[in-house]
$ cat my_file-v5.cif   # mmCIF, C-alpha atoms
data_start
#
loop_
_atom_site.label_atom_id
_atom_site.label_comp_id
_atom_site.auth_asym_id
_atom_site.auth_seq_id
_atom_site.Cartn_x
_atom_site.Cartn_y
_atom_site.Cartn_z
CA MET A 188 -3.78 4.65 116.75
CA ALA A 189 -3.24 6.98 113.83
CA LYS A 190 0.32 7.85 112.84
CA LYS A 191 1.51 11.43 112.74
CA SER A 192 3.46 11.86 109.53
CA LYS A 193 5.14 14.89 108.10
CA GLY A 194 3.96 14.62 104.52
CA ASN A 195 5.40 16.41 101.54
CA ARG A 196 2.17 18.32 100.86
CA ILE A 197 1.88 21.62 102.73
CA GLN A 198 -0.66 24.42 102.77
CA VAL A 199 0.54 27.80 101.41
CA ILE A 200 -0.97 31.30 101.25
CA LEU A 201 -0.89 33.19 97.95
CA GLU A 202 -1.11 37.00 97.99
CA CYS A 203 -1.64 39.37 95.04
CA THR A 204 1.47 41.36 94.13
CA GLU A 205 -0.23 43.95 91.87
CA HIS A 206 -2.85 44.81 94.49
CA LYS A 207 -0.19 45.38 97.15
CA ASN A 208 1.60 47.92 94.91
CA SER A 209 -1.58 49.69 93.71
CA GLY A 210 -2.47 51.26 97.07
CA LEU A 211 -6.10 50.07 97.03
CA ALA A 212 -7.72 48.99 100.30
CA GLY A 213 -7.92 45.30 101.23
CA THR A 214 -5.95 42.25 100.10
CA SER A 215 -6.54 39.34 97.75
CA ARG A 216 -5.36 36.04 99.25
CA TYR A 217 -5.87 32.40 98.32
CA ILE A 218 -4.98 29.17 100.13
CA SER A 219 -3.47 26.35 98.08
CA MET A 220 -1.48 23.13 98.51
CA LYS A 221 1.96 22.32 97.13
CA ASN A 222 4.35 19.42 97.21
CA ARG A 223 7.43 20.43 99.17
CA ARG A 224 9.69 17.93 97.38
CA ASN A 225 8.68 18.80 93.78
CA THR A 226 8.40 22.58 94.30
CA PRO A 227 10.96 23.76 96.88
CA ASP A 228 10.91 27.40 95.71
CA ARG A 229 8.01 29.82 96.22
CA LEU A 230 4.85 29.21 94.22
CA GLU A 231 3.56 31.82 91.75
CA LEU A 232 0.13 31.48 90.09
CA LYS A 233 -2.28 33.67 88.15
CA LYS A 234 -5.53 34.00 90.11
CA TYR A 235 -8.60 36.23 89.93
CA ASN A 236 -8.50 39.35 92.10
CA PRO A 237 -12.12 40.35 92.92
CA ILE A 238 -11.18 43.85 94.08
CA MET A 239 -9.31 44.75 90.88
CA LYS A 240 -11.71 42.58 88.79
CA LYS A 241 -8.98 40.92 86.70
CA MET A 242 -6.46 38.06 86.69
CA THR A 243 -3.25 38.95 88.55
CA VAL A 244 -0.07 37.21 89.71
CA HIS A 245 -0.28 35.81 93.25
CA LYS A 246 2.94 34.81 95.04
CA GLU A 247 3.44 32.56 98.04
CA ILE A 248 3.99 34.37 101.33
CA LYS A 249 5.42 32.93 104.52
#
$ encode --input "my_file-v5.cif" --output "structure tokens"
Amino acid sequence: MAKKSKGNRIQVILECTEHKNSGLAGTSRYISMKNRRNTPDRLELKKYNPIMKKMTVHKEIK
């Protein structure tokens, strides 16, 4: 039988912060993985926002 293990890698959702404040319709979200042990705080990456057509800061949401 396969073991169920709670690994350190978890799946997180990243949401655009600039798009949320701009008032435009829709949302820009990405799914990524992070290591819970190495990065305990919230993840923040620059990703492409197709609605705004530029690179923006995406923060981890719960």
$ residues_around --input "my_file-v5.cif" --residues "A:Pro237" --least-positions-apart "4" --cutoff "12 Å" --atoms "all atoms listed in the file" --output "list in words"
Cys203, His206, Gly213, Thr214, Ser215, Arg216, Tyr217, Lys241, Met242 and Thr243 of chain A
$ resolve_selection --input "my_file-v5.cif" --expression "the PyMOL selection byres ((chain A and resi 245-248) around 8)" --output "ChimeraX atom specification"
/A:199-204,216,229-234,243-244,249
$ axis_aligned_box --input "my_file-v5.cif" --around "stretch 198-215 of chain A" --padding-each-side "5 Å" --output "AutoDock Vina command-line options"
--center_x -3.2 --center_y 37.8 --center_z 97.3 --size_x 19.5 --size_y 36.8 --size_z 20.9
$ atom_distance --input "my_file-v5.cif" --atom1 "atom CA of A:Ser219" --atom2 "atom CA of A:Lys193"
17.5 Å
$ atom_distance --input "my_file-v5.cif" --atom1 "atom CA of A:Ser209" --atom2 "atom CA of A:Lys221"
27.8 Å
$ atom_distance --input "my_file-v5.cif" --atom1 "atom CA of A:Asn208" --atom2 "atom CA of A:Lys240"
15.6 Å
$ closest_residue --input "my_file-v5.cif" --among "A:Met239, A:Gln198, A:Glu205, A:Gly210" --to "A:Asn222" --atoms "only C-alpha atoms"
A:Gln198
$ closest_residue --input "my_file-v5.cif" --among "A:Arg196, A:Lys207, A:Asn225, A:Met220" --to "A:Ile238" --atoms "all atoms listed in the file"
A:Lys207
